[in-house]
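One file, data_36.cif, is given below (mmCIF, C-alpha atoms and all ligand atoms).
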```cif
data_coords
#
loop_
_atom_site.label_atom_id
_atom_site.label_comp_id
_atom_site.auth_asym_id
_atom_site.auth_seq_id
_atom_site.Cartn_x
_atom_site.Cartn_y
_atom_site.Cartn_z
CA MET A 1 16.63 -7.09 12.70
CA PRO A 2 16.75 -4.14 15.11
CA ASN A 3 13.50 -2.99 16.68
CA GLU A 4 14.63 0.59 17.07
CA ARG A 5 11.69 3.02 17.33
CA PRO A 6 12.54 5.58 14.66
CA SER A 7 12.38 9.37 14.78
CA GLY A 8 12.35 11.77 11.84
CA ILE A 9 10.14 12.73 8.94
CA ALA A 10 8.32 10.07 6.94
CA LEU A 11 6.70 10.52 3.55
CA ASP A 12 4.09 8.24 1.99
CA LEU A 13 3.03 8.93 -1.57
CA GLY A 14 0.04 6.77 -2.54
CA GLY A 15 -2.15 6.84 -5.62
CA THR A 16 -4.77 8.98 -3.86
CA LYS A 17 -3.01 10.84 -1.07
CA ILE A 18 0.37 11.98 0.16
CA ALA A 19 0.91 11.70 3.90
CA ALA A 20 3.84 13.30 5.68
CA ALA A 21 4.51 12.87 9.36
CA ARG A 22 6.89 13.82 12.07
CA ILE A 23 7.62 10.69 14.05
CA ARG A 24 9.19 10.57 17.48
CA ASP A 25 10.31 7.23 18.92
CA GLY A 26 7.97 5.36 16.62
CA VAL A 27 4.93 7.56 17.30
CA VAL A 28 3.37 9.95 14.78
CA ILE A 29 3.22 13.30 16.54
CA GLN A 30 2.22 15.49 13.60
CA ARG A 31 0.69 14.61 10.25
CA LEU A 32 -0.14 16.40 7.01
CA MET A 33 -2.16 15.10 4.10
CA GLN A 34 -2.63 16.24 0.49
CA SER A 35 -4.17 14.59 -2.52
CA THR A 36 -1.81 13.05 -5.07
CA ASP A 37 -1.63 14.58 -8.52
CA GLY A 38 -1.76 11.43 -10.62
CA ALA A 39 -0.49 13.35 -13.66
CA GLY A 40 2.44 14.93 -11.81
CA THR A 41 6.05 14.52 -12.90
CA PRO A 42 8.54 12.77 -10.60
CA GLU A 43 10.09 16.19 -9.92
CA SER A 44 6.73 17.66 -8.93
CA HIS A 45 5.92 14.71 -6.62
CA VAL A 46 9.27 15.17 -4.86
CA ALA A 47 8.76 18.94 -4.64
CA ARG A 48 5.34 18.40 -3.00
CA MET A 49 6.84 15.99 -0.47
CA PHE A 50 9.66 18.42 0.27
CA GLU A 51 7.15 21.25 0.90
CA MET A 52 5.19 19.01 3.26
CA ALA A 53 8.37 18.08 5.14
CA ARG A 54 9.22 21.77 5.40
CA ASP A 55 5.75 22.46 6.80
CA LEU A 56 6.54 19.87 9.46
CA GLY A 57 9.58 21.92 10.48
CA LEU A 58 12.25 19.94 8.61
CA THR A 59 15.73 20.51 10.03
CA ALA A 60 19.15 19.66 8.63
CA ASP A 61 19.49 16.80 11.14
CA ASP A 62 16.16 15.13 10.48
CA ARG A 63 16.29 11.61 9.20
CA ILE A 64 13.96 11.20 6.21
CA GLY A 65 12.26 8.09 4.85
CA MET A 66 10.17 7.88 1.71
CA ALA A 67 7.71 5.24 0.53
CA VAL A 68 5.90 5.49 -2.78
CA THR A 69 3.35 3.61 -4.81
CA GLY A 70 5.09 1.96 -7.75
CA ARG A 71 8.12 -0.19 -8.32
CA ILE A 72 11.54 0.90 -7.00
CA ASP A 73 14.38 -0.94 -8.66
CA ALA A 74 17.81 -1.69 -7.16
CA ALA A 75 19.28 1.52 -8.60
CA GLY A 76 16.55 3.62 -6.99
CA PHE A 77 14.62 4.25 -10.20
CA TRP A 78 10.85 4.65 -9.89
CA HIS A 79 8.31 3.10 -12.27
CA ALA A 80 4.52 3.03 -12.09
CA VAL A 81 3.40 -0.54 -12.74
CA ASN A 82 -0.18 0.62 -13.10
CA ALA A 83 0.45 3.43 -15.58
CA ALA A 84 -3.06 4.80 -15.01
CA THR A 85 -2.31 5.61 -11.36
CA LEU A 86 0.79 7.77 -11.92
CA THR A 87 0.72 8.64 -15.58
CA ASP A 88 4.11 10.34 -15.77
CA VAL A 89 6.33 8.11 -13.63
CA GLN A 90 8.57 5.77 -15.62
CA ASN A 91 12.27 5.24 -15.13
CA ALA A 92 12.72 8.26 -12.87
CA ASN A 93 15.84 8.47 -10.72
CA LEU A 94 13.98 8.97 -7.44
CA LEU A 95 17.01 8.31 -5.27
CA ASP A 96 18.81 11.20 -6.94
CA LEU A 97 15.78 13.52 -7.07
CA ALA A 98 15.11 12.99 -3.36
CA GLN A 99 18.74 13.38 -2.34
CA THR A 100 18.99 16.63 -4.31
CA ALA A 101 15.75 18.06 -2.90
CA PHE A 102 16.42 17.10 0.72
CA GLY A 103 20.19 17.59 0.71
CA ARG A 104 20.83 14.21 2.33
CA PRO A 105 20.44 10.55 1.41
CA VAL A 106 16.79 9.48 1.45
CA PRO A 107 16.03 5.75 1.69
CA ILE A 108 13.17 4.84 -0.65
CA LEU A 109 10.86 1.87 -0.54
CA ASN A 110 7.68 0.69 -2.21
CA ASP A 111 4.75 1.68 0.03
CA ALA A 112 3.42 -1.83 0.64
CA LEU A 113 6.88 -3.19 1.39
CA ALA A 114 7.43 -0.37 3.89
CA ALA A 115 4.14 -1.21 5.60
CA ALA A 116 5.01 -4.92 5.67
CA LEU A 117 8.29 -4.16 7.44
CA ALA A 118 6.62 -1.91 10.02
CA GLU A 119 3.83 -4.41 10.69
CA TYR A 120 6.35 -7.22 11.08
CA ARG A 121 8.42 -5.27 13.59
CA PHE A 122 5.87 -3.28 15.53
CA GLY A 123 2.40 -4.33 14.47
CA ALA A 124 0.19 -7.27 13.57
CA GLY A 125 2.97 -9.24 11.88
CA GLN A 126 5.07 -9.76 15.00
CA GLY A 127 6.11 -13.37 15.47
CA SER A 128 5.07 -14.47 11.97
CA ARG A 129 7.48 -16.70 10.03
CA ALA A 130 5.83 -16.14 6.66
CA MET A 131 3.86 -12.95 6.41
CA ALA A 132 2.25 -10.94 3.64
CA TYR A 133 0.97 -7.42 4.05
CA ILE A 134 -1.70 -6.60 1.49
CA THR A 135 -2.84 -3.04 0.97
CA VAL A 136 -6.28 -2.53 -0.51
CA SER A 137 -6.13 1.15 -1.33
CA THR A 138 -5.99 3.00 -4.67
CA GLY A 139 -4.52 -0.23 -6.01
CA VAL A 140 -3.77 -3.57 -4.40
CA GLY A 141 -0.15 -3.93 -3.32
CA GLY A 142 1.90 -6.26 -1.20
CA GLY A 143 5.03 -6.81 0.81
CA ILE A 144 6.33 -10.18 1.95
CA VAL A 145 8.49 -10.90 5.00
CA MET A 146 9.87 -14.44 5.33
CA ASP A 147 11.73 -15.41 8.50
CA GLY A 148 12.13 -11.73 9.35
CA ARG A 149 13.54 -10.77 5.94
CA PRO A 150 11.71 -8.81 3.28
CA LEU A 151 11.55 -10.39 -0.17
CA VAL A 152 13.34 -8.02 -2.53
CA THR A 153 14.40 -8.26 -6.15
CA ASP A 154 16.48 -5.98 -8.35
CA SER A 155 13.42 -5.14 -10.45
CA GLY A 156 11.42 -4.10 -7.38
CA LEU A 157 8.47 -6.02 -8.79
CA VAL A 158 8.38 -8.72 -6.13
CA GLY A 159 5.25 -8.50 -3.98
CA HIS A 160 3.15 -6.72 -6.60
CA VAL A 161 0.34 -9.14 -5.81
CA GLY A 162 -2.41 -6.91 -7.21
CA PHE A 163 -1.21 -7.76 -10.70
CA SER A 164 -1.89 -11.46 -10.30
CA THR A 165 -5.22 -12.60 -11.70
CA SER A 166 -8.54 -13.59 -10.17
CA ARG A 167 -11.50 -15.78 -11.11
CA VAL A 168 -13.83 -12.87 -10.43
CA SER A 169 -12.20 -10.36 -12.76
CA SER A 170 -12.02 -9.92 -16.50
CA ARG A 171 -11.11 -6.25 -16.58
CA ARG A 172 -7.85 -4.89 -17.95
CA CYS A 173 -5.87 -2.71 -15.56
CA GLY A 174 -3.26 -0.03 -16.12
CA SER A 175 -0.52 -2.65 -15.93
CA GLY A 176 -1.77 -4.03 -19.25
CA ARG A 177 -2.69 -7.38 -17.66
CA ILE A 178 -6.24 -8.67 -17.93
CA GLY A 179 -8.31 -9.94 -15.01
CA THR A 180 -6.05 -8.63 -12.26
CA VAL A 181 -7.01 -8.46 -8.59
CA GLU A 182 -6.28 -4.72 -8.69
CA SER A 183 -8.77 -4.25 -11.53
CA VAL A 184 -11.61 -5.48 -9.33
CA ALA A 185 -10.54 -4.75 -5.73
CA GLY A 186 -8.47 -1.54 -5.89
CA GLY A 187 -10.22 1.71 -4.95
CA ARG A 188 -9.92 3.15 -8.43
CA ALA A 189 -11.45 0.01 -9.88
CA ILE A 190 -14.29 -0.10 -7.35
CA ALA A 191 -15.21 3.50 -8.21
CA ALA A 192 -14.94 2.85 -11.96
CA ILE A 193 -17.06 -0.31 -11.79
CA ALA A 194 -19.79 1.52 -9.86
CA ALA A 195 -19.75 4.54 -12.18
CA GLY A 196 -19.74 2.25 -15.22
CA ARG A 197 -22.96 0.67 -13.92
CA GLY A 198 -24.60 4.08 -13.76
CA HIS A 199 -24.25 4.84 -10.04
CA ARG A 200 -23.53 8.46 -9.20
CA VAL A 201 -20.29 8.00 -7.30
CA SER A 202 -16.72 9.01 -7.99
CA THR A 203 -14.79 7.30 -5.20
CA ALA A 204 -14.61 3.89 -3.55
CA LYS A 205 -15.32 5.63 -0.25
CA GLU A 206 -18.74 6.62 -1.58
CA VAL A 207 -19.36 3.05 -2.76
CA PHE A 208 -18.59 1.91 0.79
CA GLY A 209 -21.15 4.44 2.06
CA HIS A 210 -23.80 2.73 -0.10
CA TRP A 211 -22.50 -0.67 1.07
CA ARG A 212 -23.05 0.34 4.69
CA ALA A 213 -26.54 1.52 3.81
CA GLY A 214 -27.19 -1.98 2.44
CA ASP A 215 -27.65 -0.99 -1.23
CA ALA A 216 -27.59 -4.26 -3.16
CA TRP A 217 -25.44 -2.96 -6.02
CA ALA A 218 -22.73 -1.80 -3.59
CA VAL A 219 -22.88 -5.06 -1.64
CA GLU A 220 -22.23 -6.90 -4.89
CA ILE A 221 -19.23 -4.73 -5.80
CA VAL A 222 -17.66 -4.83 -2.33
CA ASP A 223 -18.24 -8.57 -1.99
CA THR A 224 -16.58 -9.17 -5.36
CA ALA A 225 -13.57 -7.17 -4.18
CA ALA A 226 -13.44 -9.11 -0.90
CA ALA A 227 -13.73 -12.43 -2.76
CA ALA A 228 -10.81 -11.44 -5.01
CA ILE A 229 -8.67 -10.60 -1.96
CA ALA A 230 -9.62 -13.91 -0.32
CA GLU A 231 -8.64 -15.78 -3.48
CA LEU A 232 -5.36 -13.86 -3.58
CA ILE A 233 -4.65 -14.88 0.01
CA GLY A 234 -5.29 -18.53 -0.86
CA ASN A 235 -2.99 -18.29 -3.88
CA LEU A 236 -0.21 -16.58 -1.94
CA THR A 237 -0.51 -19.18 0.78
CA ALA A 238 -0.11 -21.97 -1.76
CA ILE A 239 3.02 -20.33 -3.13
CA LEU A 240 4.64 -18.99 0.04
CA GLY A 241 3.17 -21.03 2.88
CA LEU A 242 1.96 -17.91 4.66
CA ASP A 243 1.05 -18.13 8.32
CA ARG A 244 -0.30 -14.58 8.51
CA VAL A 245 -1.79 -11.91 6.27
CA VAL A 246 -2.06 -8.32 7.43
CA LEU A 247 -4.56 -6.13 5.60
CA GLY A 248 -4.03 -2.38 5.29
CA GLY A 249 -4.94 0.61 3.14
CA SER A 250 -8.16 2.59 3.57
CA ILE A 251 -10.26 -0.20 2.05
CA GLY A 252 -8.43 -3.01 3.85
CA LEU A 253 -8.99 -1.11 7.11
CA ALA A 254 -12.59 -0.07 6.35
CA ASP A 255 -14.91 -1.37 9.06
CA GLY A 256 -16.34 -4.69 7.99
CA PHE A 257 -14.18 -5.30 4.92
CA ALA A 258 -11.75 -7.73 6.58
CA GLY A 259 -14.80 -9.59 7.87
CA ARG A 260 -16.03 -10.08 4.31
CA VAL A 261 -12.55 -11.29 3.26
CA ARG A 262 -12.62 -13.83 6.13
CA HIS A 263 -16.11 -14.89 5.04
CA PHE A 264 -14.81 -15.79 1.56
CA ILE A 265 -11.64 -17.41 2.89
CA ALA A 266 -13.84 -19.78 4.83
CA ASP A 267 -14.64 -21.37 1.44
CA GLU A 268 -10.98 -22.38 1.04
CA PRO A 269 -9.62 -25.68 2.36
CA VAL A 270 -8.08 -25.15 5.79
CA LEU A 271 -4.51 -25.52 4.47
CA PHE A 272 -4.96 -22.34 2.40
CA ARG A 273 -6.34 -20.22 5.23
CA PRO A 274 -3.68 -18.25 7.13
CA GLU A 275 -4.60 -15.96 9.98
CA VAL A 276 -5.98 -12.70 8.54
CA THR A 277 -5.73 -9.52 10.61
CA THR A 278 -5.85 -5.79 9.97
CA ALA A 279 -2.79 -3.58 10.35
CA GLY A 280 -1.89 -3.01 13.99
CA LEU A 281 -0.43 0.39 13.10
CA GLU A 282 -3.55 1.19 11.05
CA GLN A 283 -2.88 4.12 8.69
CA ASP A 284 0.67 4.59 10.03
CA SER A 285 2.30 1.39 8.74
CA VAL A 286 3.66 2.92 5.54
CA LEU A 287 5.01 6.00 7.35
CA LEU A 288 6.79 4.00 10.05
CA GLY A 289 8.14 1.51 7.53
CA ALA A 290 9.45 4.34 5.35
CA LEU A 291 11.49 5.65 8.25
CA VAL A 292 12.73 2.35 9.59
CA GLY A 293 13.53 1.00 6.11
CA ARG A 294 14.95 -2.45 5.55
CA GLY A 295 17.11 -2.10 8.62
CA GLU A 296 20.47 -2.51 6.93
CA SER A 297 21.68 1.01 7.59
P1 LIG B 1 -3.41 5.63 -1.04
O1 LIG B 1 -3.79 4.61 -2.05
O2 LIG B 1 -3.11 6.97 -1.63
O3 LIG B 1 -2.32 5.15 -0.13
P2 LIG B 1 -5.71 5.06 0.71
O4 LIG B 1 -5.11 3.93 1.46
O5 LIG B 1 -6.46 6.09 1.51
O6 LIG B 1 -4.67 5.93 -0.11
O7 LIG B 1 -6.67 4.43 -0.39
C1 LIG B 1 -7.40 5.26 -1.24
C2 LIG B 1 -8.70 4.57 -1.63
O8 LIG B 1 -9.46 4.22 -0.46
C3 LIG B 1 -9.59 5.48 -2.45
O9 LIG B 1 -10.15 4.69 -3.49
C4 LIG B 1 -10.66 5.94 -1.47
O10 LIG B 1 -11.91 6.25 -2.11
C5 LIG B 1 -10.78 4.75 -0.56
N1 LIG B 1 -11.22 5.09 0.81
C6 LIG B 1 -10.77 6.10 1.59
N2 LIG B 1 -11.38 6.09 2.79
C7 LIG B 1 -12.23 5.02 2.78
C8 LIG B 1 -13.16 4.47 3.72
N3 LIG B 1 -13.32 5.01 4.92
N4 LIG B 1 -13.86 3.36 3.37
C9 LIG B 1 -13.67 2.80 2.16
N5 LIG B 1 -12.84 3.29 1.22
C10 LIG B 1 -12.12 4.37 1.53
C1 LIG B 2 -0.18 -0.77 -7.24
C2 LIG B 2 1.29 -0.41 -7.51
C3 LIG B 2 2.12 -0.81 -6.31
C4 LIG B 2 1.58 -0.23 -5.01
C5 LIG B 2 0.11 -0.59 -4.85
C6 LIG B 2 -0.52 0.08 -3.65
C7 LIG B 2 1.68 1.45 -9.04
C8 LIG B 2 1.65 2.94 -9.24
N1 LIG B 2 1.39 1.00 -7.82
O1 LIG B 2 -0.35 -2.12 -7.21
O2 LIG B 2 3.46 -0.41 -6.49
O3 LIG B 2 2.33 -0.75 -3.92
O4 LIG B 2 -0.61 -0.17 -6.01
O5 LIG B 2 -0.39 1.49 -3.76
O6 LIG B 2 1.96 0.74 -9.96
P1 LIG B 2 -1.53 2.53 -3.38
O7 LIG B 2 -1.39 3.68 -4.29
O8 LIG B 2 -2.84 1.85 -3.49
O9 LIG B 2 -1.24 2.89 -1.96
#
```
Before anything else, please render the file you have as structure tokens.
Amino acid sequence: MPNERPSGIALDLGGTKIAAARIRDGVVIQRLMQSTDGAGTPESHVARMFEMARDLGLTADDRIGMAVTGRIDAAGFWHAVNAATLTDVQNANLLDLAQTAFGRPVPILNDALAAALAEYRFGAGQGSRAMAYITVSTGVGGGIVMDGRPLVTDSGLVGHVGFSTSRVSSRRCGSGRIGTVESVAGGRAIAAIAAGRGHRVSTAKEVFGHWRAGDAWAVEIVDTAAAAIAELIGNLTAILGLDRVVLGGSIGLADGFAGRVRHFIADEPVLFRPEVTTAGLEQDSVLLGALVGRGES
């Protein structure tokens, strides 16, 4: 797999925010951010990303890479798995929409898979033989790289680890599954759990503010999320024989969160405890991965 340091414009559409960046030789030199319209149509999401690329000085020669939350199938169709995150994205021909808007082919990847690829090549995944990247962000997503190769399937569902279940959850999530990791550890879920218990917060970031202040209710919610992620890591290790897990996303990268995940992993037998690190590229993993792609072109 080539370790070329990419240049061009990278787009990262998550459940909460859209990031767009101009990258030169693997370094983000300019970045724009907007909030995601969860009710937007596929066309409107692509139009927003195009405007952001234009604001970064898009030229006809720029290479573009796009990574999005949701499942991308082999034909380049885009589907929200958690239908509550993007309420109007099902079976949309993203490959075609992006190519039409940008006037050139645009490689498209799931956001967590993109980040996994970038971390494997340039970040905290280097040298791993069996690595999972887990994003704890609006949802909980994943990308898996085995012996240097990403796990991919025609459905694009592989790696959607947030939709596996956890002992500490009984909530239904927007995938329709009950007791998922995402329904207890994703940012949307953390905010909804807190609000449902009567706390005056509307985002996970605010819950983390209370957690830092030592408020017992927030400690309980954040620890439950961390325990679910630790359990997920144990489960994935049993299935895939992971030697390393890289945590990303704004919650995965939040100061102290990885420490709580490691605290709960310590309860697992040693065989089920891979090395757990945070993303070496921090918030840039998805952007870099979007641009570098799977490396087959
Ligand atoms: P996206 O899911 O769009 O890729 P993020 O990785 O930023 O975006 O994840 C968004 C979630 O992270 C939201 O639920 C938000 O409230 C939460 N969040 C953002 N910043 C922080 C922070 N510093 N600490 C904890 N949670 C955060
Ligand atoms: C969800 C799922 C994944 C995504 C993950 C992280 C949807 C819309 N998204 O599990 O495809 O990789 O969230 O995405 O079904 P983010 O929005 O939290 O960055």
Contact check, chain A to ligand LIG 2 (chain B), at most 9 Å, counting all atoms listed in the file, closest pairs as a tab-separated table:
```
residue	atom	partner	partner_atom	distance
A:Asp12	CA	B:LIG2	O9	8.5
A:Leu13	CA	B:LIG2	O7	7.4
A:Gly14	CA	B:LIG2	O7	3.8
A:Gly15	CA	B:LIG2	O7	3.5
A:Thr16	CA	B:LIG2	O7	6.3
A:Lys17	CA	B:LIG2	O7	8.0
A:Val68	CA	B:LIG2	O3	7.3
A:Thr69	CA	B:LIG2	C4	4.2
A:Gly70	CA	B:LIG2	O2	3.1
A:Arg71	CA	B:LIG2	O2	5.0
A:Ile72	CA	B:LIG2	O2	8.2
A:His79	CA	B:LIG2	O6	7.2
A:Ala80	CA	B:LIG2	O6	4.0
A:Val81	CA	B:LIG2	O6	3.4
A:Asn82	CA	B:LIG2	O6	3.8
A:Ala83	CA	B:LIG2	O6	6.4
A:Ala84	CA	B:LIG2	C8	7.7
A:Thr85	CA	B:LIG2	C8	5.2
A:Leu86	CA	B:LIG2	C8	5.6
A:Thr87	CA	B:LIG2	C8	8.6
A:Val89	CA	B:LIG2	C8	8.2
A:Asn110	CA	B:LIG2	O3	5.8
A:Asp111	CA	B:LIG2	O3	5.2
A:Ala112	CA	B:LIG2	O3	4.8
A:Leu113	CA	B:LIG2	O3	7.4
A:Ile134	CA	B:LIG2	C6	8.5
A:Thr135	CA	B:LIG2	C6	6.0
A:Val136	CA	B:LIG2	O8	6.3
A:Ser137	CA	B:LIG2	O8	4.0
A:Thr138	CA	B:LIG2	O8	3.6
A:Gly139	CA	B:LIG2	O8	3.7
A:Val140	CA	B:LIG2	O1	4.7
A:Gly141	CA	B:LIG2	C5	3.7
A:Gly142	CA	B:LIG2	O3	6.2
A:Gly143	CA	B:LIG2	O3	8.1
A:Gly156	CA	B:LIG2	O2	8.8
A:Leu157	CA	B:LIG2	O2	7.9
A:Gly159	CA	B:LIG2	O3	8.3
A:His160	CA	B:LIG2	O1	5.8
A:Val161	CA	B:LIG2	O1	7.2
A:Gly162	CA	B:LIG2	O1	5.2
A:Phe163	CA	B:LIG2	O1	6.7
A:Gly174	CA	B:LIG2	O6	8.1
A:Ser175	CA	B:LIG2	O6	7.3
A:Glu182	CA	B:LIG2	O1	6.6
A:Gly186	CA	B:LIG2	O8	7.0
A:Gly187	CA	B:LIG2	O8	7.5
A:Arg188	CA	B:LIG2	O8	8.7
A:Gly249	CA	B:LIG2	O9	6.7
A:Ser250	CA	B:LIG2	O9	8.9
A:Val286	CA	B:LIG2	O9	9.0
```
**Message:** Taking all atoms listed in the file into account, name the residue in A:Val106, A:Val261, A:Ala116, A:Ala19 that is nearest to ligand LIG 1 (chain B).
**Reply:**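 The answer is A:Ala19, which sits nearest to ligand LIG 1 (chain B).
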**Message:** I need the residue nearest Ala258 in chain A from this list: A:Gln126, A:Ser44, A:Thr277, A:Thr36. Use only C-alpha atoms for the distance.
**Reply:** A:Thr277
**Message:** Between CA of Arg24 in chain A and atom O2 of ligand LIG 1 (chain B), what is the distance in Å, rounded to a tenth?
**Reply:**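 Separation between CA of Arg24 in chain A and atom O2 of ligand LIG 1 (chain B): 23.0 Å.
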**Message:** Need the shell around Met131 in chain A: protein/DNA/RNA residues with any atom at most 9 Å away, counting all atoms listed in the file. Skip same-chain ones fewer than 3 positions apart. Format as a list in words?
**Reply:**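 After dropping sequence-adjacent residues, the list is Ala116, Tyr120, Gly125, Ser128, Gly143, Ile144, Val145, Met146, Asp147, Gly148, Leu240, Gly241, Leu242, Asp243, Arg244, Val245 and Val246 of chain A.
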